[in-house]
Each structure stands twice: as C-alpha cells, then as structure tokens.
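Structure, as structure tokens:
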Amino acid sequence: MAHSLSLTVNGTAVSMKVDVRTLLVQLLRDELRLTGTHVGCDTSQCGACTVHVDGEAIKACAVLAVQAEGREVLTVEGLAAGDTLHPMQEAFREHHGLQCGFCTPGMILAGMDMVRRHGHALDEHTVRVELEGNICRCTGYHNIVRAIIAGVRSMGPAAPGIAAAE
Ligand code: FES
Ligand code: FES
C-alpha cells in the first residue's frame, strides 16, 4: 500500500509516495540515493545505518520510512558545509578513525549523538560503552574512540546535531 510521505532530509523538504513497508534506510539509499548510509546487517546489530531523526541517533534499518513522517532526518551527506568537514568528520580524518570506511558514517553520527546525551566532557569508558551498537571490522576501535572524544570536544554549539546538548 502506498503512503504519501513528507519529511526533511539534510535540510531539504522531501515528499513522495512510498510503500508502507519501506524501511527508512531503503528510502535514503534507494529512493534518495544517499548511499553514505550503509547496510551491514539489516538486523539492528552493526550500526552502519545510523542516522539522526530529530537529532537522535537511530538505526535506519530498524524503522519504517513512514515513521519519519514530518520529522528531520540527518545523514552523513548533510554534515559537511561545502568543503569544510563537520568537526566530527574532521576528527575521524585527523585521528585515523577509519580504514575501509564502511562503519564510519554510522560511527560519526553515533559520536555526535553522544554530545546530546552526555555533553562535551566524554571520557573513554563512556564512548566505549556507547559504541556497543556500532561494529567495526577493521580498526580495533582505539582510533575511533580517540576520534570521537576529539570530535565531541571540538563540536561547537552551532554544529548540526548539537542543539539539545549541555
Ligand atoms: Fe542497520 Fe546493521 S544495517 S544496524
Ligand atoms: Fe572498516 Fe570500520 S573502518 S568496518
């Protein structure tokens, strides 16, 4: 059954008809061609599909597109301002927080959400606990944790995804 869906994706209003069974990750990747949101497991395990909905990190393989009706979705494509990376992206680049990069968009969006819930003074233990739902097959996590701590500390109050922080 088709449903008329309206939402905002990376600041742009989107209206389209979707099958009610369409997952949010399918809408983003297949309909909107925002392929930076990855599918690693399709069963809510890996976190590669993490995006923000109204500022909260969610796994886009675990929600229906129609559940995003009227809401604001942020994907990795919406983070950089032109050639200027978001502070969390820059921190991953600077601290070598990736190898193959498959998990990276989800890691970055999960890291940004930690600011909303914990503020800017994140410690390593908290980051490691928070990353339980995001799996990386390459890095061994050390540089991801370093990158998130650095990214969180450099995120200013005007950065996307930080509206409710502190
Ligand atoms: Fe969504 Fe793995 S693809 S959690
Ligand atoms: Fe390859 Fe994380 S960098 S899966």
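As shown in the structure tokens, the chain order sets the letters A, B, ...; within each chain, residues go from 1, and ligands are also counted from 1 in the order they appear.
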
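For Val76 (chain A), the list of residues within 7 Å, based on only C-alpha atoms and with local chain neighbours fewer than 4 positions off taken out, reads Gly36, Thr37 and Pro105 of chain A.
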
Export C-alpha atoms of the chosen residues as a compact mmCIF listing (two decimals), in the first residue's frame?
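Written output follows (result03.txt):
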```txt
# COMPACT_ATOMS: atom_id res chain seq x y z
CA GLY A 36 26.57 7.12 2.63
CA THR A 37 24.16 5.40 5.00
CA PRO A 105 29.15 7.26 8.70
```

Taking a cut-off of 10 Å and counting only C-alpha atoms and all ligand atoms, can you build a table that, for each residue of chain A near ligand 2, reports the nearest atom pair and how far apart they are in Å (one decimal), sorted by chain then residue number, as JSON lines?
```
{"residue": "A:Gly40", "atom": "CA", "partner": "ligand 2", "partner_atom_place_in_ligand_line": "4 (S)", "distance": 9.2}
{"residue": "A:Cys46", "atom": "CA", "partner": "ligand 2", "partner_atom_place_in_ligand_line": "4 (S)", "distance": 9.5}
{"residue": "A:Ala48", "atom": "CA", "partner": "ligand 2", "partner_atom_place_in_ligand_line": "4 (S)", "distance": 8.6}
{"residue": "A:His96", "atom": "CA", "partner": "ligand 2", "partner_atom_place_in_ligand_line": "3 (S)", "distance": 9.5}
{"residue": "A:Gly97", "atom": "CA", "partner": "ligand 2", "partner_atom_place_in_ligand_line": "3 (S)", "distance": 7.3}
{"residue": "A:Leu98", "atom": "CA", "partner": "ligand 2", "partner_atom_place_in_ligand_line": "3 (S)", "distance": 4.1}
{"residue": "A:Gln99", "atom": "CA", "partner": "ligand 2", "partner_atom_place_in_ligand_line": "3 (S)", "distance": 4.0}
{"residue": "A:Cys100", "atom": "CA", "partner": "ligand 2", "partner_atom_place_in_ligand_line": "1 (Fe)", "distance": 3.9}
{"residue": "A:Gly101", "atom": "CA", "partner": "ligand 2", "partner_atom_place_in_ligand_line": "3 (S)", "distance": 4.2}
{"residue": "A:Phe102", "atom": "CA", "partner": "ligand 2", "partner_atom_place_in_ligand_line": "4 (S)", "distance": 4.9}
{"residue": "A:Cys103", "atom": "CA", "partner": "ligand 2", "partner_atom_place_in_ligand_line": "2 (Fe)", "distance": 4.3}
{"residue": "A:Thr104", "atom": "CA", "partner": "ligand 2", "partner_atom_place_in_ligand_line": "2 (Fe)", "distance": 6.0}
{"residue": "A:Pro105", "atom": "CA", "partner": "ligand 2", "partner_atom_place_in_ligand_line": "2 (Fe)", "distance": 9.5}
{"residue": "A:Gly106", "atom": "CA", "partner": "ligand 2", "partner_atom_place_in_ligand_line": "2 (Fe)", "distance": 9.5}
{"residue": "A:Met107", "atom": "CA", "partner": "ligand 2", "partner_atom_place_in_ligand_line": "2 (Fe)", "distance": 8.4}
{"residue": "A:Asn134", "atom": "CA", "partner": "ligand 2", "partner_atom_place_in_ligand_line": "2 (Fe)", "distance": 9.0}
{"residue": "A:Ile135", "atom": "CA", "partner": "ligand 2", "partner_atom_place_in_ligand_line": "4 (S)", "distance": 7.0}
{"residue": "A:Cys136", "atom": "CA", "partner": "ligand 2", "partner_atom_place_in_ligand_line": "2 (Fe)", "distance": 3.7}
{"residue": "A:Arg137", "atom": "CA", "partner": "ligand 2", "partner_atom_place_in_ligand_line": "4 (S)", "distance": 4.2}
{"residue": "A:Cys138", "atom": "CA", "partner": "ligand 2", "partner_atom_place_in_ligand_line": "1 (Fe)", "distance": 4.3}
{"residue": "A:Thr139", "atom": "CA", "partner": "ligand 2", "partner_atom_place_in_ligand_line": "3 (S)", "distance": 5.6}
{"residue": "A:Gly140", "atom": "CA", "partner": "ligand 2", "partner_atom_place_in_ligand_line": "2 (Fe)", "distance": 8.4}
{"residue": "A:Tyr141", "atom": "CA", "partner": "ligand 2", "partner_atom_place_in_ligand_line": "2 (Fe)", "distance": 8.1}
{"residue": "A:Ile144", "atom": "CA", "partner": "ligand 2", "partner_atom_place_in_ligand_line": "2 (Fe)", "distance": 8.6}
```

Written selection (C-alpha atoms) as a compact mmCIF listing (two decimals), in the first residue's frame:
```
# COMPACT_ATOMS: atom_id res chain seq x y z
CA GLY A 40 25.85 -4.03 7.19
CA CYS A 46 26.03 -3.22 13.34
CA ALA A 48 26.31 1.10 9.84
CA HIS A 96 42.77 7.92 11.58
CA GLY A 97 39.42 6.68 12.88
CA LEU A 98 38.75 4.56 9.82
CA GLN A 99 40.26 2.01 7.50
CA CYS A 100 37.77 0.72 4.92
CA GLY A 101 35.24 3.37 5.98
CA PHE A 102 32.19 1.12 5.89
CA CYS A 103 31.24 1.73 9.52
CA THR A 104 32.37 5.36 9.52
CA PRO A 105 29.15 7.26 8.70
CA GLY A 106 27.36 5.38 11.47
CA MET A 107 30.24 5.93 13.88
CA ASN A 134 28.29 0.14 16.30
CA ILE A 135 30.57 -2.56 14.93
CA CYS A 136 33.87 -2.01 13.12
CA ARG A 137 35.66 -4.91 11.45
CA CYS A 138 38.90 -3.08 10.70
CA THR A 139 40.24 -0.63 13.21
CA GLY A 140 40.23 -2.29 16.60
CA TYR A 141 38.29 0.77 17.84
CA ILE A 144 37.57 5.58 16.62
```

Would you pick out the contacts of Arg153 (chain A) at 8 Å or less, using only C-alpha atoms, so that residues sharing its chain but fewer than 2 positions from it are not included, and give the list as a PyMOL selection string?
chain A and resi 120-121+149-151+155

Restrict the calculation to only C-alpha atoms and all ligand atoms, then for each residue of chain A with any atom at most 6 Å from an atom of ligand 1 give the closest atom pair and their distance in Å to one decimal, rows by chain and rising residue number, as a Markdown table.
```
| residue | atom | partner | partner_atom_place_in_ligand_line | distance |
| --- | --- | --- | --- | --- |
| A:Val39 | CA | ligand 1 | 3 (S) | 3.8 |
| A:Gly40 | CA | ligand 1 | 3 (S) | 4.3 |
| A:Cys41 | CA | ligand 1 | 2 (Fe) | 3.9 |
| A:Asp42 | CA | ligand 1 | 3 (S) | 4.0 |
| A:Thr43 | CA | ligand 1 | 2 (Fe) | 5.7 |
| A:Ser44 | CA | ligand 1 | 4 (S) | 3.4 |
| A:Gln45 | CA | ligand 1 | 4 (S) | 4.4 |
| A:Cys46 | CA | ligand 1 | 2 (Fe) | 3.8 |
| A:Gly47 | CA | ligand 1 | 4 (S) | 3.9 |
| A:Ala48 | CA | ligand 1 | 2 (Fe) | 5.2 |
| A:Cys49 | CA | ligand 1 | 1 (Fe) | 4.5 |
| A:Lys59 | CA | ligand 1 | 1 (Fe) | 5.2 |
| A:Ala60 | CA | ligand 1 | 1 (Fe) | 5.9 |
| A:Cys61 | CA | ligand 1 | 1 (Fe) | 4.3 |
```

Write a file of the selected residues as a compact mmCIF listing (two decimals), in the first residue's frame, keeping N, CA, C and O atoms.
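Printed below is result.txt as written:
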```txt
# COMPACT_ATOMS: atom_id res chain seq x y z
N VAL A 39 24.34 -0.42 4.86
CA VAL A 39 23.61 -1.57 5.41
C VAL A 39 24.62 -2.68 5.63
O VAL A 39 25.17 -3.24 4.67
N GLY A 40 24.88 -2.98 6.89
CA GLY A 40 25.85 -4.03 7.19
C GLY A 40 25.21 -5.32 7.63
O GLY A 40 25.76 -6.40 7.41
N CYS A 41 24.04 -5.24 8.25
CA CYS A 41 23.46 -6.47 8.81
C CYS A 41 21.96 -6.58 8.55
O CYS A 41 21.44 -7.66 8.43
N ASP A 42 21.27 -5.42 8.49
CA ASP A 42 19.82 -5.40 8.30
C ASP A 42 19.06 -5.95 9.50
O ASP A 42 17.87 -6.22 9.41
N THR A 43 19.74 -6.16 10.60
CA THR A 43 19.07 -6.73 11.79
C THR A 43 19.38 -5.94 13.06
O THR A 43 19.40 -6.48 14.15
N SER A 44 19.66 -4.66 12.94
CA SER A 44 19.88 -3.76 14.09
C SER A 44 21.10 -4.08 14.92
O SER A 44 21.16 -3.72 16.09
N GLN A 45 22.08 -4.76 14.32
CA GLN A 45 23.26 -5.15 15.10
C GLN A 45 24.45 -4.20 14.90
O GLN A 45 25.16 -3.89 15.84
N CYS A 46 24.70 -3.78 13.66
CA CYS A 46 26.03 -3.22 13.34
C CYS A 46 26.15 -1.71 13.43
O CYS A 46 27.24 -1.19 13.58
N GLY A 47 25.04 -0.99 13.29
CA GLY A 47 25.09 0.46 13.39
C GLY A 47 25.56 1.18 12.14
O GLY A 47 25.65 2.41 12.14
N ALA A 48 25.85 0.45 11.07
CA ALA A 48 26.31 1.10 9.84
C ALA A 48 25.25 2.01 9.23
O ALA A 48 25.56 2.91 8.45
N CYS A 49 23.99 1.79 9.59
CA CYS A 49 22.88 2.55 9.03
C CYS A 49 22.44 3.70 9.93
O CYS A 49 21.38 4.27 9.72
N LYS A 59 18.85 3.57 14.22
CA LYS A 59 19.30 2.65 13.18
C LYS A 59 18.22 2.61 12.09
O LYS A 59 17.11 2.15 12.32
N ALA A 60 18.59 3.09 10.92
CA ALA A 60 17.61 3.29 9.86
C ALA A 60 17.10 1.99 9.26
O ALA A 60 16.14 2.00 8.49
N CYS A 61 17.75 0.87 9.60
CA CYS A 61 17.23 -0.42 9.13
C CYS A 61 16.15 -0.95 10.07
O CYS A 61 15.53 -1.98 9.80
```

Which polymer residues have any atom within 7 Å of an atom of His95 (chain A), counting only C-alpha atoms, with same-chain residues fewer than 5 positions away left out, as a list in words?
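Counting only C-alpha atoms, the residues come to Asn143, Arg146 and Ala147 of chain A.
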
Store the residues of this selection in a file with C-alpha atoms, as a short mmCIF file (atom, residue, chain, number, x, y, z; two decimals), in the first residue's frame.
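And here is the file that came out, part_1.cif:
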```cif
data_model
loop_
_atom_site.label_atom_id
_atom_site.label_comp_id
_atom_site.auth_asym_id
_atom_site.auth_seq_id
_atom_site.Cartn_x
_atom_site.Cartn_y
_atom_site.Cartn_z
CA ASN A 143 41.35 5.40 16.92
CA ARG A 146 40.10 8.88 20.11
CA ALA A 147 38.37 10.49 17.15
#
```

Just the residues within 12 Å of Val129 (chain A), please, counting only C-alpha atoms, with nothing from its chain fewer than 5 positions along; format it as JSON, numbers by chain.
{"A": [110, 111, 114, 122, 123, 124, 134, 141, 145]}

Just write the chosen residues, N, CA, C and O atoms, as a JSON list (two decimals), in the first residue's frame.
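This is the output file part05.json:
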```
[["chain", "number", "residue", "atom", "x", "y", "z"],
["A", 110, "ALA", "N", 26.76, 8.39, 15.42],
["A", 110, "ALA", "CA", 26.62, 7.91, 16.80],
["A", 110, "ALA", "C", 27.45, 8.78, 17.73],
["A", 110, "ALA", "O", 27.00, 9.14, 18.83],
["A", 111, "GLY", "N", 28.66, 9.14, 17.30],
["A", 111, "GLY", "CA", 29.51, 10.00, 18.12],
["A", 111, "GLY", "C", 28.87, 11.36, 18.37],
["A", 111, "GLY", "O", 28.89, 11.88, 19.49],
["A", 114, "MET", "N", 26.33, 11.31, 21.07],
["A", 114, "MET", "CA", 26.84, 11.24, 22.44],
["A", 114, "MET", "C", 26.89, 12.63, 23.08],
["A", 114, "MET", "O", 26.72, 12.77, 24.29],
["A", 122, "LEU", "N", 33.12, 13.96, 27.43],
["A", 122, "LEU", "CA", 33.03, 12.50, 27.33],
["A", 122, "LEU", "C", 34.35, 11.85, 27.70],
["A", 122, "LEU", "O", 35.40, 12.29, 27.24],
["A", 123, "ASP", "N", 34.28, 10.77, 28.48],
["A", 123, "ASP", "CA", 35.51, 10.03, 28.75],
["A", 123, "ASP", "C", 35.56, 8.76, 27.89],
["A", 123, "ASP", "O", 34.57, 8.35, 27.28],
["A", 124, "GLU", "N", 36.73, 8.14, 27.88],
["A", 124, "GLU", "CA", 36.93, 6.98, 27.01],
["A", 124, "GLU", "C", 35.99, 5.83, 27.36],
["A", 124, "GLU", "O", 35.43, 5.18, 26.46],
["A", 134, "ASN", "N", 27.64, -0.18, 17.57],
["A", 134, "ASN", "CA", 28.29, 0.14, 16.30],
["A", 134, "ASN", "C", 29.53, -0.75, 16.14],
["A", 134, "ASN", "O", 30.47, -0.66, 16.92],
["A", 141, "TYR", "N", 39.03, -0.22, 17.07],
["A", 141, "TYR", "CA", 38.29, 0.77, 17.84],
["A", 141, "TYR", "C", 39.13, 1.87, 18.48],
["A", 141, "TYR", "O", 38.60, 2.93, 18.81],
["A", 145, "VAL", "N", 37.62, 5.66, 19.04],
["A", 145, "VAL", "CA", 37.35, 6.26, 20.35],
["A", 145, "VAL", "C", 38.08, 7.59, 20.47],
["A", 145, "VAL", "O", 37.49, 8.60, 20.89]]
```

When you draw a straight line from CA of Val25 (chain A) to CA of Val73 (chain A), how long is it in Å?
11.0 Å

Extract the full set of strand (DSSP E or B) residues from region 38-157 of chain A according to DSSP on the backbone, and format it as a ChimeraX atom specification.
/A:50-53,56-59,64,72-74,81,84

Residues from the last selection, all heavy atoms, saved as a CSV table (one decimal), in the first residue's frame:
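New file selection-v5.csv:
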```csv
chain,number,residue,atom,x,y,z
A,50,THR,N,23.3,4.0,10.9
A,50,THR,CA,22.9,5.1,11.9
A,50,THR,C,22.7,6.4,11.2
A,50,THR,O,23.6,6.9,10.5
A,50,THR,CB,23.9,5.2,13.0
A,50,THR,OG1,24.1,3.9,13.6
A,50,THR,CG2,23.5,6.2,14.0
A,51,VAL,N,21.5,7.1,11.5
A,51,VAL,CA,21.3,8.4,11.1
A,51,VAL,C,20.6,9.1,12.2
A,51,VAL,O,20.4,8.5,13.3
A,51,VAL,CB,20.3,8.5,9.8
A,51,VAL,CG1,20.9,7.8,8.6
A,51,VAL,CG2,18.9,7.9,10.2
A,52,HIS,N,20.4,10.4,12.1
A,52,HIS,CA,19.7,11.2,13.1
A,52,HIS,C,18.2,11.4,12.7
A,52,HIS,O,18.0,11.8,11.5
A,52,HIS,CB,20.3,12.5,13.4
A,52,HIS,CG,21.6,12.4,14.2
A,52,HIS,ND1,22.3,13.5,14.7
A,52,HIS,CD2,22.4,11.3,14.5
A,52,HIS,CE1,23.4,13.1,15.3
A,52,HIS,NE2,23.5,11.8,15.2
A,53,VAL,N,17.3,11.2,13.6
A,53,VAL,CA,15.9,11.7,13.3
A,53,VAL,C,15.5,12.6,14.5
A,53,VAL,O,15.6,12.3,15.6
A,53,VAL,CB,14.9,10.5,13.3
A,53,VAL,CG1,13.5,11.0,13.2
A,53,VAL,CG2,15.3,9.5,12.1
A,56,GLU,N,18.2,12.7,17.2
A,56,GLU,CA,18.6,11.5,17.9
A,56,GLU,C,19.1,10.4,17.0
A,56,GLU,O,18.5,10.2,15.9
A,56,GLU,CB,17.3,10.9,18.6
A,56,GLU,CG,16.9,11.7,19.8
A,56,GLU,CD,15.7,11.0,20.5
A,56,GLU,OE1,15.7,9.8,20.6
A,56,GLU,OE2,14.9,11.8,21.0
A,57,ALA,N,20.2,9.7,17.4
A,57,ALA,CA,20.7,8.6,16.5
A,57,ALA,C,19.7,7.4,16.6
A,57,ALA,O,19.3,7.0,17.6
A,57,ALA,CB,22.1,8.2,17.0
A,58,ILE,N,19.4,6.9,15.4
A,58,ILE,CA,18.6,5.7,15.3
A,58,ILE,C,19.2,4.8,14.2
A,58,ILE,O,20.0,5.3,13.3
A,58,ILE,CB,17.1,6.0,15.0
A,58,ILE,CG1,17.0,6.8,13.6
A,58,ILE,CG2,16.5,6.8,16.1
A,58,ILE,CD1,16.5,5.9,12.5
A,59,LYS,N,18.8,3.6,14.2
A,59,LYS,CA,19.3,2.7,13.2
A,59,LYS,C,18.2,2.6,12.1
A,59,LYS,O,17.1,2.2,12.3
A,59,LYS,CB,19.6,1.3,13.8
A,59,LYS,CG,20.8,1.3,14.7
A,59,LYS,CD,21.1,0.0,15.4
A,59,LYS,CE,22.4,0.1,16.2
A,59,LYS,NZ,22.7,-1.1,16.9
A,64,LEU,N,10.5,2.1,9.9
A,64,LEU,CA,9.9,2.3,8.6
A,64,LEU,C,10.0,3.8,8.2
A,64,LEU,O,10.1,4.7,9.1
A,64,LEU,CB,8.4,1.9,8.7
A,64,LEU,CG,8.1,0.5,9.0
A,64,LEU,CD1,6.6,0.3,9.4
A,64,LEU,CD2,8.5,-0.4,7.9
A,72,GLU,N,12.8,15.4,10.9
A,72,GLU,CA,14.0,15.9,10.3
A,72,GLU,C,15.1,14.8,10.3
A,72,GLU,O,15.4,14.4,11.4
A,72,GLU,CB,14.6,17.1,10.9
A,72,GLU,CG,13.6,18.3,10.7
A,72,GLU,CD,14.3,19.7,11.0
A,72,GLU,OE1,15.6,19.7,11.0
A,72,GLU,OE2,13.6,20.6,11.2
A,73,VAL,N,15.5,14.3,9.2
A,73,VAL,CA,16.5,13.3,9.1
A,73,VAL,C,17.8,13.9,8.7
A,73,VAL,O,17.9,14.7,7.8
A,73,VAL,CB,16.1,12.2,8.1
A,73,VAL,CG1,17.1,11.1,7.9
A,73,VAL,CG2,14.7,11.6,8.5
A,74,LEU,N,18.9,13.5,9.4
A,74,LEU,CA,20.2,13.9,9.1
A,74,LEU,C,21.1,12.7,8.7
A,74,LEU,O,21.2,11.8,9.5
A,74,LEU,CB,20.8,14.7,10.2
A,74,LEU,CG,22.3,15.2,10.1
A,74,LEU,CD1,22.4,16.3,9.0
A,74,LEU,CD2,22.8,15.7,11.4
A,81,ALA,N,29.9,21.4,5.4
A,81,ALA,CA,29.4,22.6,4.8
A,81,ALA,C,30.3,22.9,3.6
A,81,ALA,O,31.4,23.5,3.8
A,81,ALA,CB,29.5,23.7,5.8
A,84,THR,N,34.1,22.1,3.9
A,84,THR,CA,34.5,22.1,5.3
A,84,THR,C,33.8,21.0,6.0
A,84,THR,O,32.6,20.9,6.1
A,84,THR,CB,34.1,23.5,6.0
A,84,THR,OG1,34.7,24.5,5.3
A,84,THR,CG2,34.6,23.5,7.4
```

Using only C-alpha atoms, find the one residue out of A:Ser6, A:Ala65, A:Gly78, A:Ser15 that sits nearest to Leu27 (chain A).
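For Leu27 (chain A), the nearest of the given residues is A:Ala65.
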
Atomic distance CA of Leu23 (chain A) - CA of His86 (chain A), expressed in Å with one decimal
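Distance between the two atoms: 26.7 Å.
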
Nearest to Gly119 (chain A): which of A:Ser154, A:Val9, A:Glu90, A:Gly133 is it, counting only C-alpha atoms?
A:Ser154

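For the atom pair formed by CA of Arg93 (chain A) and CA of Arg128 (chain A), the distance is 19.1 Å, given to one decimal.
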
Apply DSSP to the backbone of this structure and, from region 80-136 of chain A, keep only the residues in alpha helix (DSSP H); write these as a ChimeraX atom specification.
/A:87-94,104-118,124-130

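Of the listed residues (A:Ile148, A:Gln67, A:Thr75, A:Ala62), A:Ile148 comes nearest to Ala91 (chain A); the distances count only C-alpha atoms.
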
Quick one: everything within 9 Å of Ala2 (chain A), counting only C-alpha atoms, minus sequence neighbours fewer than 3 positions away in the same chain. Send it as an mmCIF file with all heavy atoms, in the first residue's frame.
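Saved the output as selection-v3.cif:
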```
data_model
loop_
_atom_site.group_PDB
_atom_site.id
_atom_site.type_symbol
_atom_site.label_atom_id
_atom_site.label_comp_id
_atom_site.auth_asym_id
_atom_site.auth_seq_id
_atom_site.Cartn_x
_atom_site.Cartn_y
_atom_site.Cartn_z
ATOM 1 N N LYS A 17 5.649 9.242 -2.680
ATOM 2 C CA LYS A 17 4.839 8.087 -2.315
ATOM 3 C C LYS A 17 5.777 6.918 -2.044
ATOM 4 O O LYS A 17 6.689 6.654 -2.829
ATOM 5 C CB LYS A 17 3.882 7.720 -3.450
ATOM 6 C CG LYS A 17 2.700 8.678 -3.574
ATOM 7 C CD LYS A 17 1.548 7.989 -4.276
ATOM 8 C CE LYS A 17 0.383 8.923 -4.523
ATOM 9 N NZ LYS A 17 -0.124 9.555 -3.322
ATOM 10 N N VAL A 18 5.548 6.230 -0.932
ATOM 11 C CA VAL A 18 6.367 5.060 -0.614
ATOM 12 C C VAL A 18 5.453 3.914 -0.197
ATOM 13 O O VAL A 18 4.361 4.126 0.344
ATOM 14 C CB VAL A 18 7.366 5.334 0.543
ATOM 15 C CG1 VAL A 18 8.384 6.377 0.147
ATOM 16 C CG2 VAL A 18 6.640 5.729 1.819
ATOM 17 N N ASP A 19 5.918 2.709 -0.454
ATOM 18 C CA ASP A 19 5.233 1.538 0.087
ATOM 19 C C ASP A 19 5.358 1.594 1.609
ATOM 20 O O ASP A 19 6.443 1.907 2.125
ATOM 21 C CB ASP A 19 5.901 0.267 -0.458
ATOM 22 C CG ASP A 19 5.106 -0.983 -0.107
ATOM 23 O OD1 ASP A 19 4.924 -1.250 1.089
ATOM 24 O OD2 ASP A 19 4.680 -1.688 -1.032
ATOM 25 N N VAL A 20 4.295 1.302 2.320
ATOM 26 C CA VAL A 20 4.341 1.416 3.785
ATOM 27 C C VAL A 20 5.369 0.472 4.404
ATOM 28 O O VAL A 20 5.782 0.655 5.545
ATOM 29 C CB VAL A 20 2.958 1.157 4.421
ATOM 30 C CG1 VAL A 20 1.995 2.274 4.080
ATOM 31 C CG2 VAL A 20 2.405 -0.197 4.008
ATOM 32 N N ARG A 21 5.800 -0.552 3.643
ATOM 33 C CA ARG A 21 6.791 -1.487 4.186
ATOM 34 C C ARG A 21 8.221 -0.999 3.992
ATOM 35 O O ARG A 21 9.165 -1.650 4.443
ATOM 36 C CB ARG A 21 6.642 -2.852 3.495
ATOM 37 C CG ARG A 21 5.313 -3.519 3.757
ATOM 38 C CD ARG A 21 5.109 -4.684 2.821
ATOM 39 N NE ARG A 21 5.064 -4.239 1.432
ATOM 40 C CZ ARG A 21 4.855 -5.039 0.384
ATOM 41 N NH1 ARG A 21 4.670 -6.328 0.566
ATOM 42 N NH2 ARG A 21 4.839 -4.547 -0.842
#
```
